>>> print(open('final.pdb').read())   # PDB, N, CA and C atoms
ATOM      1  N   MET V   1     107.699  95.232 132.359
ATOM      2  CA  MET V   1     106.800  95.951 133.238
ATOM      3  C   MET V   1     107.325  97.355 133.465
ATOM      4  N   THR V   2     106.383  98.253 133.654
ATOM      5  CA  THR V   2     106.764  99.613 133.982
ATOM      6  C   THR V   2     106.998  99.699 135.475
ATOM      7  N   GLY V   3     107.468 100.824 135.955
ATOM      8  CA  GLY V   3     107.763 101.017 137.361
ATOM      9  C   GLY V   3     106.554 100.899 138.263
ATOM     10  N   ASP V   4     105.351 101.118 137.736
ATOM     11  CA  ASP V   4     104.141 101.051 138.563
ATOM     12  C   ASP V   4     103.455  99.683 138.474
ATOM     13  N   GLY V   5     104.149  98.658 137.936
ATOM     14  CA  GLY V   5     103.610  97.310 137.880
ATOM     15  C   GLY V   5     102.712  97.035 136.689
ATOM     16  N   VAL V   6     102.564  98.001 135.800
ATOM     17  CA  VAL V   6     101.725  97.807 134.614
ATOM     18  C   VAL V   6     102.599  97.236 133.504
ATOM     19  N   PRO V   7     102.133  96.162 132.854
ATOM     20  CA  PRO V   7     102.949  95.596 131.772
ATOM     21  C   PRO V   7     103.145  96.611 130.642
ATOM     22  N   SER V   8     104.362  96.679 130.125
ATOM     23  CA  SER V   8     104.623  97.583 129.002
ATOM     24  C   SER V   8     104.105  96.936 127.724
ATOM     25  N   ARG V   9     103.641  97.760 126.787
ATOM     26  CA  ARG V   9     103.042  97.243 125.562
ATOM     27  C   ARG V   9     103.984  97.348 124.374
ATOM     28  N   GLY V  10     105.205  97.671 124.569
ATOM     29  CA  GLY V  10     106.147  97.804 123.471
ATOM     30  C   GLY V  10     106.109  99.211 122.914
ATOM     31  N   PRO V  11     106.850  99.429 121.837
ATOM     32  CA  PRO V  11     106.912 100.779 121.284
ATOM     33  C   PRO V  11     105.575 101.208 120.687
ATOM     34  N   GLU V  12     105.262 102.459 120.846
ATOM     35  CA  GLU V  12     104.040 103.015 120.276
ATOM     36  C   GLU V  12     104.228 103.175 118.778
ATOM     37  N   PRO V  13     103.199 102.842 117.994
ATOM     38  CA  PRO V  13     103.343 103.035 116.545
ATOM     39  C   PRO V  13     103.391 104.514 116.200
ATOM     40  N   PRO V  14     104.066 104.844 115.124
ATOM     41  CA  PRO V  14     104.107 106.249 114.706
ATOM     42  C   PRO V  14     102.736 106.664 114.171
ATOM     43  N   PRO V  15     102.489 107.965 114.076
ATOM     44  CA  PRO V  15     101.216 108.402 113.487
ATOM     45  C   PRO V  15     101.152 107.990 112.022
ATOM     46  N   ALA V  16      99.959 107.683 111.558
ATOM     47  CA  ALA V  16      99.787 107.251 110.166
ATOM     48  C   ALA V  16     100.141 108.390 109.215
ATOM     49  N   PRO V  17     100.855 108.073 108.142
ATOM     50  CA  PRO V  17     101.177 109.108 107.142
ATOM     51  C   PRO V  17      99.944 109.416 106.292
ATOM     52  N   VAL V  18     100.052 110.398 105.447
ATOM     53  CA  VAL V  18      98.950 110.724 104.540
ATOM     54  C   VAL V  18      98.869 109.627 103.473
ATOM     55  N   ARG V  19      97.669 109.394 102.994
ATOM     56  CA  ARG V  19      97.455 108.382 101.949
ATOM     57  C   ARG V  19      98.292 108.745 100.716
ATOM     58  N   GLY V  20      99.015 107.764 100.204
ATOM     59  CA  GLY V  20      99.864 107.972  99.045
ATOM     60  C   GLY V  20     101.320 108.241  99.378
ATOM     61  N   ALA V  21     101.621 108.478 100.650
ATOM     62  CA  ALA V  21     103.012 108.732 101.047
ATOM     63  C   ALA V  21     103.854 107.476 100.823
ATOM     64  N   LEU V  22     105.100 107.676 100.416
ATOM     65  CA  LEU V  22     106.016 106.559 100.244
ATOM     66  C   LEU V  22     106.717 106.270 101.557
ATOM     67  N   VAL V  23     106.650 105.012 101.971
ATOM     68  CA  VAL V  23     107.245 104.576 103.226
ATOM     69  C   VAL V  23     108.040 103.299 102.985
ATOM     70  N   VAL V  24     108.830 102.910 103.972
ATOM     71  CA  VAL V  24     109.682 101.726 103.871
ATOM     72  C   VAL V  24     109.273 100.722 104.934
ATOM     73  N   ASP V  25     109.030  99.488 104.504
ATOM     74  CA  ASP V  25     108.719  98.378 105.402
ATOM     75  C   ASP V  25     110.040  97.699 105.759
ATOM     76  N   THR V  26     110.520  97.960 106.971
ATOM     77  CA  THR V  26     111.814  97.415 107.393
ATOM     78  C   THR V  26     111.744  95.927 107.707
ATOM     79  N   SER V  27     110.541  95.371 107.873
ATOM     80  CA  SER V  27     110.414  93.940 108.149
ATOM     81  C   SER V  27     110.497  93.111 106.870
ATOM     82  N   ARG V  28     110.489  93.765 105.711
ATOM     83  CA  ARG V  28     110.573  93.065 104.420
ATOM     84  C   ARG V  28     111.760  93.569 103.602
ATOM     85  N   GLY V  29     112.877  93.706 104.250
ATOM     86  CA  GLY V  29     114.098  94.076 103.539
ATOM     87  C   GLY V  29     114.069  95.483 102.968
ATOM     88  N   ASP V  30     113.499  96.419 103.703
ATOM     89  CA  ASP V  30     113.414  97.826 103.290
ATOM     90  C   ASP V  30     112.638  97.999 101.979
ATOM     91  N   ARG V  31     111.539  97.286 101.867
ATOM     92  CA  ARG V  31     110.671  97.382 100.693
ATOM     93  C   ARG V  31     109.887  98.691 100.742
ATOM     94  N   VAL V  32     109.941  99.448  99.658
ATOM     95  CA  VAL V  32     109.231 100.725  99.585
ATOM     96  C   VAL V  32     107.807 100.465  99.115
ATOM     97  N   GLY V  33     106.858 101.107  99.779
ATOM     98  CA  GLY V  33     105.460 100.982  99.403
ATOM     99  C   GLY V  33     104.735 102.302  99.564
ATOM    100  N   GLU V  34     103.563 102.358  98.976
ATOM    101  CA  GLU V  34     102.704 103.539  99.080
ATOM    102  C   GLU V  34     101.687 103.277 100.184
ATOM    103  N   PHE V  35     101.598 104.187 101.143
ATOM    104  CA  PHE V  35     100.655 104.030 102.248
ATOM    105  C   PHE V  35      99.237 104.141 101.708
ATOM    106  N   ARG V  36      98.398 103.137 102.014
ATOM    107  CA  ARG V  36      97.018 103.108 101.525
ATOM    108  C   ARG V  36      95.999 103.332 102.630
ATOM    109  N   GLY V  37      96.331 102.985 103.874
ATOM    110  CA  GLY V  37      95.379 103.183 104.960
ATOM    111  C   GLY V  37      95.655 102.268 106.132
ATOM    112  N   VAL V  38      94.773 102.345 107.116
ATOM    113  CA  VAL V  38      94.896 101.561 108.340
ATOM    114  C   VAL V  38      93.897 100.412 108.282
ATOM    115  N   ALA V  39      94.359  99.214 108.595
ATOM    116  CA  ALA V  39      93.508  98.020 108.627
ATOM    117  C   ALA V  39      93.663  97.381 109.998
ATOM    118  N   GLY V  40      92.836  97.786 110.934
ATOM    119  CA  GLY V  40      92.963  97.296 112.309
ATOM    120  C   GLY V  40      94.261  97.803 112.902
ATOM    121  N   PRO V  41      95.077  96.910 113.451
ATOM    122  CA  PRO V  41      96.356  97.352 114.026
ATOM    123  C   PRO V  41      97.472  97.496 112.989
ATOM    124  N   TYR V  42      97.178  97.183 111.736
ATOM    125  CA  TYR V  42      98.202  97.199 110.691
ATOM    126  C   TYR V  42      97.996  98.341 109.705
ATOM    127  N   TRP V  43      99.042  98.633 108.960
ATOM    128  CA  TRP V  43      98.964  99.592 107.861
ATOM    129  C   TRP V  43      98.997  98.819 106.557
ATOM    130  N   SER V  44      98.207  99.265 105.605
ATOM    131  CA  SER V  44      98.201  98.663 104.272
ATOM    132  C   SER V  44      99.133  99.450 103.367
ATOM    133  N   LEU V  45     100.033  98.735 102.705
ATOM    134  CA  LEU V  45     100.970  99.336 101.768
ATOM    135  C   LEU V  45     100.780  98.671 100.407
ATOM    136  N   ARG V  46     101.058  99.416  99.355
ATOM    137  CA  ARG V  46     100.930  98.906  97.993
ATOM    138  C   ARG V  46     102.273  99.052  97.299
ATOM    139  N   PRO V  47     102.674  98.025  96.546
ATOM    140  CA  PRO V  47     103.936  98.131  95.809
ATOM    141  C   PRO V  47     103.902  99.308  94.834
ATOM    142  N   ILE V  48     105.016  99.938  94.645
ATOM    143  CA  ILE V  48     105.129 101.105  93.765
ATOM    144  C   ILE V  48     104.754 100.760  92.332
ATOM    145  N   ARG V  49     105.130  99.595  91.872
ATOM    146  CA  ARG V  49     104.872  99.209  90.471
ATOM    147  C   ARG V  49     103.520  98.545  90.288
ATOM    148  N   GLY V  50     102.676  98.594  91.303
ATOM    149  CA  GLY V  50     101.378  97.942  91.237
ATOM    150  C   GLY V  50     101.449  96.555  91.847
ATOM    151  N   GLY V  51     100.309  95.962  92.045
ATOM    152  CA  GLY V  51     100.257  94.629  92.633
ATOM    153  C   GLY V  51      99.456  94.640  93.909
ATOM    154  N   PRO V  52      99.357  93.484  94.535
ATOM    155  CA  PRO V  52      98.537  93.376  95.738
ATOM    156  C   PRO V  52      99.144  94.123  96.927
ATOM    157  N   GLU V  53      98.258  94.690  97.720
ATOM    158  CA  GLU V  53      98.693  95.367  98.947
ATOM    159  C   GLU V  53      99.162  94.327  99.953
ATOM    160  N   TRP V  54      99.953  94.788 100.918
ATOM    161  CA  TRP V  54     100.337  93.943 102.034
ATOM    162  C   TRP V  54     100.156  94.745 103.310
ATOM    163  N   GLU V  55     100.063  94.038 104.410
ATOM    164  CA  GLU V  55      99.892  94.681 105.706
ATOM    165  C   GLU V  55     101.169  94.541 106.515
ATOM    166  N   VAL V  56     101.418  95.572 107.313
ATOM    167  CA  VAL V  56     102.632  95.601 108.125
ATOM    168  C   VAL V  56     102.317  96.261 109.463
ATOM    169  N   ASP V  57     103.000  95.808 110.495
ATOM    170  CA  ASP V  57     102.907  96.447 111.799
ATOM    171  C   ASP V  57     103.565  97.818 111.685
ATOM    172  N   PRO V  58     102.889  98.887 112.092
ATOM    173  CA  PRO V  58     103.441 100.243 111.933
ATOM    174  C   PRO V  58     104.800 100.471 112.592
ATOM    175  N   VAL V  59     105.157  99.666 113.592
ATOM    176  CA  VAL V  59     106.468  99.865 114.219
ATOM    177  C   VAL V  59     107.607  99.494 113.274
ATOM    178  N   HIS V  60     107.290  98.802 112.173
ATOM    179  CA  HIS V  60     108.301  98.409 111.193
ATOM    180  C   HIS V  60     108.310  99.312 109.962
ATOM    181  N   VAL V  61     107.690 100.471 110.073
ATOM    182  CA  VAL V  61     107.597 101.391 108.932
ATOM    183  C   VAL V  61     108.302 102.695 109.263
ATOM    184  N   ARG V  62     109.029 103.206 108.268
ATOM    185  CA  ARG V  62     109.659 104.517 108.406
ATOM    186  C   ARG V  62     109.432 105.285 107.109
ATOM    187  N   PRO V  63     109.526 106.606 107.168
ATOM    188  CA  PRO V  63     109.382 107.383 105.925
ATOM    189  C   PRO V  63     110.503 107.047 104.955
ATOM    190  N   ALA V  64     110.195 107.067 103.674
ATOM    191  CA  ALA V  64     111.220 106.835 102.651
ATOM    192  C   ALA V  64     112.138 108.047 102.571
ATOM    193  N   SER V  65     113.421 107.794 102.381
ATOM    194  CA  SER V  65     114.390 108.877 102.207
ATOM    195  C   SER V  65     114.196 109.497 100.825
ATOM    196  N   ALA V  66     114.818 110.625 100.595
ATOM    197  CA  ALA V  66     114.731 111.280  99.287
ATOM    198  C   ALA V  66     115.250 110.351  98.186
ATOM    199  N   LYS V  67     116.334 109.646  98.448
ATOM    200  CA  LYS V  67     116.905 108.718  97.468
ATOM    201  C   LYS V  67     115.934 107.575  97.188
ATOM    202  N   GLU V  68     115.316 107.032  98.235
ATOM    203  CA  GLU V  68     114.365 105.931  98.068
ATOM    204  C   GLU V  68     113.117 106.390  97.304
ATOM    205  N   ARG V  69     112.656 107.615  97.591
ATOM    206  CA  ARG V  69     111.491 108.154  96.868
ATOM    207  C   ARG V  69     111.813 108.332  95.394
ATOM    208  N   LEU V  70     112.978 108.888  95.086
ATOM    209  CA  LEU V  70     113.377 109.093  93.690
ATOM    210  C   LEU V  70     113.476 107.761  92.955
ATOM    211  N   HIS V  71     114.098 106.777  93.575
ATOM    212  CA  HIS V  71     114.226 105.455  92.965
ATOM    213  C   HIS V  71     112.845 104.839  92.711
ATOM    214  N   ALA V  72     111.948 104.939  93.701
ATOM    215  CA  ALA V  72     110.604 104.370  93.572
ATOM    216  C   ALA V  72     109.794 105.074  92.491
ATOM    217  N   GLU V  73     109.866 106.396  92.444
ATOM    218  CA  GLU V  73     109.117 107.147  91.432
ATOM    219  C   GLU V  73     109.638 106.845  90.021
ATOM    220  N   THR V  74     110.946 106.677  89.882
ATOM    221  CA  THR V  74     111.523 106.320  88.587
ATOM    222  C   THR V  74     111.061 104.918  88.173
ATOM    223  N   ALA V  75     111.057 103.985  89.115
ATOM    224  CA  ALA V  75     110.588 102.629  88.820
ATOM    225  C   ALA V  75     109.119 102.639  88.415
ATOM    226  N   ARG V  76     108.309 103.458  89.086
ATOM    227  CA  ARG V  76     106.886 103.545  88.743
ATOM    228  C   ARG V  76     106.708 104.127  87.339
ATOM    229  N   ALA V  77     107.446 105.181  87.027
ATOM    230  CA  ALA V  77     107.354 105.801  85.697
ATOM    231  C   ALA V  77     107.785 104.814  84.604
ATOM    232  N   ASN V  78     108.841 104.071  84.853
ATOM    233  CA  ASN V  78     109.298 103.081  83.878
ATOM    234  C   ASN V  78     108.249 101.987  83.693
ATOM    235  N   ALA V  79     107.641 101.530  84.787
ATOM    236  CA  ALA V  79     106.615 100.495  84.693
ATOM    237  C   ALA V  79     105.403 101.014  83.922
ATOM    238  N   ARG V  80     105.019 102.268  84.162
ATOM    239  CA  ARG V  80     103.885 102.852  83.424
ATOM    240  C   ARG V  80     104.191 102.923  81.943
ATOM    241  N   SER V  81     105.420 103.268  81.580
ATOM    242  CA  SER V  81     105.774 103.387  80.164
ATOM    243  C   SER V  81     105.693 102.021  79.467
ATOM    244  N   ARG V  82     105.862 100.945  80.235
ATOM    245  CA  ARG V  82     105.744  99.593  79.688
ATOM    246  C   ARG V  82     104.302  99.074  79.776
ATOM    247  N   GLY V  83     103.420  99.863  80.395
ATOM    248  CA  GLY V  83     102.033  99.426  80.578
ATOM    249  C   GLY V  83     101.861  98.442  81.712
ATOM    250  N   ALA V  84     102.817  98.398  82.622
ATOM    251  CA  ALA V  84     102.794  97.400  83.703
ATOM    252  C   ALA V  84     102.106  97.886  84.970
ATOM    253  N   VAL V  85     101.750  99.170  85.070
ATOM    254  CA  VAL V  85     101.127  99.693  86.278
ATOM    255  C   VAL V  85      99.663  99.944  86.007
ATOM    256  N   LEU V  86      98.833  99.498  86.914
ATOM    257  CA  LEU V  86      97.389  99.736  86.781
ATOM    258  C   LEU V  86      97.028 101.136  87.185
TER     259      LEU V  86
END
>>> encode(input="final.pdb", output="structure tokens")
Amino acid sequence: MTGDGVPSRGPEPPPAPVRGALVVDTSRGDRVGEFRGVAGPYWSLRPIRGGPEWEVDPVHVRPASAKERLHAETARANARSRGAVL
């Protein structure tokens, strides 16, 4: 509860990133995904190498570091060269 008797709602979610931004889902072992959009209270993320999107609570998402972005982009390029990315 807050000081004025109103129940606290937990941490506020961060603002949504731009579509296509690389972010990290900390609730799934720091899995890097591409931000696809907002689905109700959740954010939709897509695996870098392709595959089905997943939803995550925005409080568990942080921007990808430069190292994480480089690793993800390299993995995507390698997957494309093998024909594995749609």
>>> residues_around(input="final.pdb", residues="Val23 of chain V", least_positions_apart="4", cutoff="5 Å", atoms="only N, CA and C atoms", output="list in words")
Val32, Gly33, Arg62, Pro63 and Ala64 of chain V
>>> closest_residue(input="final.pdb", among="V:Ala84, V:Glu55, V:Ser27, V:Glu12", to="Ala39 of chain V", atoms="all atoms listed in the file")
V:Glu55
>>> atom_distance(input="final.pdb", atom1="atom CA of Arg80 of chain V", atom2="atom CA of Ile48 of chain V")
10.6 Å
>>> atom_distance(input="final.pdb", atom1="atom CA of Pro47 of chain V", atom2="atom C of Arg76 of chain V")
10.7 Å
>>> resolve_selection(input="final.pdb", expression="the PyMOL selection byres (((chain V and resi 58 and name CA) around 8) and name CA)", output="PDB file with N, CA and C atoms, in the coordinates of the input")
ATOM      1  N   PRO V  13     103.199 102.842 117.994  1.00  0.00           N
ATOM      2  CA  PRO V  13     103.343 103.035 116.545  1.00  0.00           C
ATOM      3  C   PRO V  13     103.391 104.514 116.200  1.00  0.00           C
ATOM      4  N   PRO V  14     104.066 104.844 115.124  1.00  0.00           N
ATOM      5  CA  PRO V  14     104.107 106.249 114.706  1.00  0.00           C
ATOM      6  C   PRO V  14     102.736 106.664 114.171  1.00  0.00           C
ATOM      7  N   PRO V  41      95.077  96.910 113.451  1.00  0.00           N
ATOM      8  CA  PRO V  41      96.356  97.352 114.026  1.00  0.00           C
ATOM      9  C   PRO V  41      97.472  97.496 112.989  1.00  0.00           C
ATOM     10  N   TYR V  42      97.178  97.183 111.736  1.00  0.00           N
ATOM     11  CA  TYR V  42      98.202  97.199 110.691  1.00  0.00           C
ATOM     12  C   TYR V  42      97.996  98.341 109.705  1.00  0.00           C
ATOM     13  N   TRP V  43      99.042  98.633 108.960  1.00  0.00           N
ATOM     14  CA  TRP V  43      98.964  99.592 107.861  1.00  0.00           C
ATOM     15  C   TRP V  43      98.997  98.819 106.557  1.00  0.00           C
ATOM     16  N   VAL V  56     101.418  95.572 107.313  1.00  0.00           N
ATOM     17  CA  VAL V  56     102.632  95.601 108.125  1.00  0.00           C
ATOM     18  C   VAL V  56     102.317  96.261 109.463  1.00  0.00           C
ATOM     19  N   ASP V  57     103.000  95.808 110.495  1.00  0.00           N
ATOM     20  CA  ASP V  57     102.907  96.447 111.799  1.00  0.00           C
ATOM     21  C   ASP V  57     103.565  97.818 111.685  1.00  0.00           C
ATOM     22  N   VAL V  59     105.157  99.666 113.592  1.00  0.00           N
ATOM     23  CA  VAL V  59     106.468  99.865 114.219  1.00  0.00           C
ATOM     24  C   VAL V  59     107.607  99.494 113.274  1.00  0.00           C
ATOM     25  N   HIS V  60     107.290  98.802 112.173  1.00  0.00           N
ATOM     26  CA  HIS V  60     108.301  98.409 111.193  1.00  0.00           C
ATOM     27  C   HIS V  60     108.310  99.312 109.962  1.00  0.00           C
ATOM     28  N   VAL V  61     107.690 100.471 110.073  1.00  0.00           N
ATOM     29  CA  VAL V  61     107.597 101.391 108.932  1.00  0.00           C
ATOM     30  C   VAL V  61     108.302 102.695 109.263  1.00  0.00           C
TER      31      VAL V  61
END
>>> residues_near_point(input="final.pdb", point="(100.7, 99.0, 96.7)", cutoff="12 Å", atoms="only C-alpha atoms", output="ChimeraX atom specification")
/V:19-25,31-37,43-55,72,76,85-86
>>> select_by_dssp(input="final.pdb", residues="chain V", states="strand (DSSP E)", output="number ranges by chain")
V: 22-25, 31-39, 42-47, 54-56, 61-63
>>> atom_distance(input="final.pdb", atom1="atom CA of Lys67 of chain V", atom2="atom CA of Asp30 of chain V")
12.8 Å
>>> axis_aligned_box(input="final.pdb", around="segment 68-85 of chain V", padding_each_side="5 Å", output="JSON")
{"center_x": 107.5, "center_y": 103.2, "center_z": 88.9, "size_x": 25.7, "size_y": 21.7, "size_z": 28.8}
>>> build_atoms(input="final.pdb", residues="segment 12-23 of chain V", atoms="all heavy atoms", output="PDB file, keeping the file's coordinate frame")
ATOM      1  N   GLU V  12     105.262 102.459 120.846  1.00  0.00           N
ATOM      2  CA  GLU V  12     104.040 103.015 120.276  1.00  0.00           C
ATOM      3  C   GLU V  12     104.228 103.175 118.778  1.00  0.00           C
ATOM      4  O   GLU V  12     105.288 103.591 118.322  1.00  0.00           O
ATOM      5  CB  GLU V  12     103.732 104.382 120.901  1.00  0.00           C
ATOM      6  CG  GLU V  12     103.200 104.292 122.322  1.00  0.00           C
ATOM      7  CD  GLU V  12     101.845 103.619 122.409  1.00  0.00           C
ATOM      8  OE1 GLU V  12     100.966 103.900 121.571  1.00  0.00           O
ATOM      9  OE2 GLU V  12     101.682 102.790 123.306  1.00  0.00           O
ATOM     10  N   PRO V  13     103.199 102.842 117.994  1.00  0.00           N
ATOM     11  CA  PRO V  13     103.343 103.035 116.545  1.00  0.00           C
ATOM     12  C   PRO V  13     103.391 104.514 116.200  1.00  0.00           C
ATOM     13  O   PRO V  13     102.808 105.339 116.899  1.00  0.00           O
ATOM     14  CB  PRO V  13     102.094 102.374 115.973  1.00  0.00           C
ATOM     15  CG  PRO V  13     101.113 102.353 117.087  1.00  0.00           C
ATOM     16  CD  PRO V  13     101.923 102.281 118.354  1.00  0.00           C
ATOM     17  N   PRO V  14     104.066 104.844 115.124  1.00  0.00           N
ATOM     18  CA  PRO V  14     104.107 106.249 114.706  1.00  0.00           C
ATOM     19  C   PRO V  14     102.736 106.664 114.171  1.00  0.00           C
ATOM     20  O   PRO V  14     101.904 105.805 113.853  1.00  0.00           O
ATOM     21  CB  PRO V  14     105.152 106.241 113.579  1.00  0.00           C
ATOM     22  CG  PRO V  14     105.147 104.839 113.074  1.00  0.00           C
ATOM     23  CD  PRO V  14     104.812 103.969 114.244  1.00  0.00           C
ATOM     24  N   PRO V  15     102.489 107.965 114.076  1.00  0.00           N
ATOM     25  CA  PRO V  15     101.216 108.402 113.487  1.00  0.00           C
ATOM     26  C   PRO V  15     101.152 107.990 112.022  1.00  0.00           C
ATOM     27  O   PRO V  15     102.174 107.934 111.342  1.00  0.00           O
ATOM     28  CB  PRO V  15     101.235 109.916 113.651  1.00  0.00           C
ATOM     29  CG  PRO V  15     102.656 110.280 113.895  1.00  0.00           C
ATOM     30  CD  PRO V  15     103.322 109.081 114.486  1.00  0.00           C
ATOM     31  N   ALA V  16      99.959 107.683 111.558  1.00  0.00           N
ATOM     32  CA  ALA V  16      99.787 107.251 110.166  1.00  0.00           C
ATOM     33  C   ALA V  16     100.141 108.390 109.215  1.00  0.00           C
ATOM     34  O   ALA V  16      99.755 109.536 109.437  1.00  0.00           O
ATOM     35  CB  ALA V  16      98.356 106.803 109.936  1.00  0.00           C
ATOM     36  N   PRO V  17     100.855 108.073 108.142  1.00  0.00           N
ATOM     37  CA  PRO V  17     101.177 109.108 107.142  1.00  0.00           C
ATOM     38  C   PRO V  17      99.944 109.416 106.292  1.00  0.00           C
ATOM     39  O   PRO V  17      98.921 108.732 106.393  1.00  0.00           O
ATOM     40  CB  PRO V  17     102.274 108.454 106.302  1.00  0.00           C
ATOM     41  CG  PRO V  17     102.085 106.990 106.485  1.00  0.00           C
ATOM     42  CD  PRO V  17     101.471 106.792 107.840  1.00  0.00           C
ATOM     43  N   VAL V  18     100.052 110.398 105.447  1.00  0.00           N
ATOM     44  CA  VAL V  18      98.950 110.724 104.540  1.00  0.00           C
ATOM     45  C   VAL V  18      98.869 109.627 103.473  1.00  0.00           C
ATOM     46  O   VAL V  18      99.876 109.024 103.108  1.00  0.00           O
ATOM     47  CB  VAL V  18      99.118 112.110 103.877  1.00  0.00           C
ATOM     48  CG1 VAL V  18      99.113 113.206 104.917  1.00  0.00           C
ATOM     49  CG2 VAL V  18     100.363 112.177 103.041  1.00  0.00           C
ATOM     50  N   ARG V  19      97.669 109.394 102.994  1.00  0.00           N
ATOM     51  CA  ARG V  19      97.455 108.382 101.949  1.00  0.00           C
ATOM     52  C   ARG V  19      98.292 108.745 100.716  1.00  0.00           C
ATOM     53  O   ARG V  19      98.307 109.894 100.281  1.00  0.00           O
ATOM     54  CB  ARG V  19      95.986 108.322 101.585  1.00  0.00           C
ATOM     55  CG  ARG V  19      95.650 107.225 100.618  1.00  0.00           C
ATOM     56  CD  ARG V  19      94.143 107.179 100.401  1.00  0.00           C
ATOM     57  NE  ARG V  19      93.804 106.357  99.282  1.00  0.00           N
ATOM     58  CZ  ARG V  19      93.379 105.101  99.358  1.00  0.00           C
ATOM     59  NH1 ARG V  19      93.231 104.550 100.540  1.00  0.00           N
ATOM     60  NH2 ARG V  19      93.102 104.426  98.273  1.00  0.00           N
ATOM     61  N   GLY V  20      99.015 107.764 100.204  1.00  0.00           N
ATOM     62  CA  GLY V  20      99.864 107.972  99.045  1.00  0.00           C
ATOM     63  C   GLY V  20     101.320 108.241  99.378  1.00  0.00           C
ATOM     64  O   GLY V  20     102.172 108.231  98.487  1.00  0.00           O
ATOM     65  N   ALA V  21     101.621 108.478 100.650  1.00  0.00           N
ATOM     66  CA  ALA V  21     103.012 108.732 101.047  1.00  0.00           C
ATOM     67  C   ALA V  21     103.854 107.476 100.823  1.00  0.00           C
ATOM     68  O   ALA V  21     103.391 106.350 101.005  1.00  0.00           O
ATOM     69  CB  ALA V  21     103.080 109.143 102.515  1.00  0.00           C
ATOM     70  N   LEU V  22     105.100 107.676 100.416  1.00  0.00           N
ATOM     71  CA  LEU V  22     106.016 106.559 100.244  1.00  0.00           C
ATOM     72  C   LEU V  22     106.717 106.270 101.557  1.00  0.00           C
ATOM     73  O   LEU V  22     107.274 107.176 102.184  1.00  0.00           O
ATOM     74  CB  LEU V  22     107.030 106.862  99.147  1.00  0.00           C
ATOM     75  CG  LEU V  22     106.448 107.016  97.747  1.00  0.00           C
ATOM     76  CD1 LEU V  22     107.566 107.323  96.749  1.00  0.00           C
ATOM     77  CD2 LEU V  22     105.668 105.802  97.324  1.00  0.00           C
ATOM     78  N   VAL V  23     106.650 105.012 101.971  1.00  0.00           N
ATOM     79  CA  VAL V  23     107.245 104.576 103.226  1.00  0.00           C
ATOM     80  C   VAL V  23     108.040 103.299 102.985  1.00  0.00           C
ATOM     81  O   VAL V  23     107.932 102.670 101.928  1.00  0.00           O
ATOM     82  CB  VAL V  23     106.158 104.343 104.306  1.00  0.00           C
ATOM     83  CG1 VAL V  23     105.465 105.639 104.671  1.00  0.00           C
ATOM     84  CG2 VAL V  23     105.149 103.309 103.851  1.00  0.00           C
TER      85      VAL V  23
END
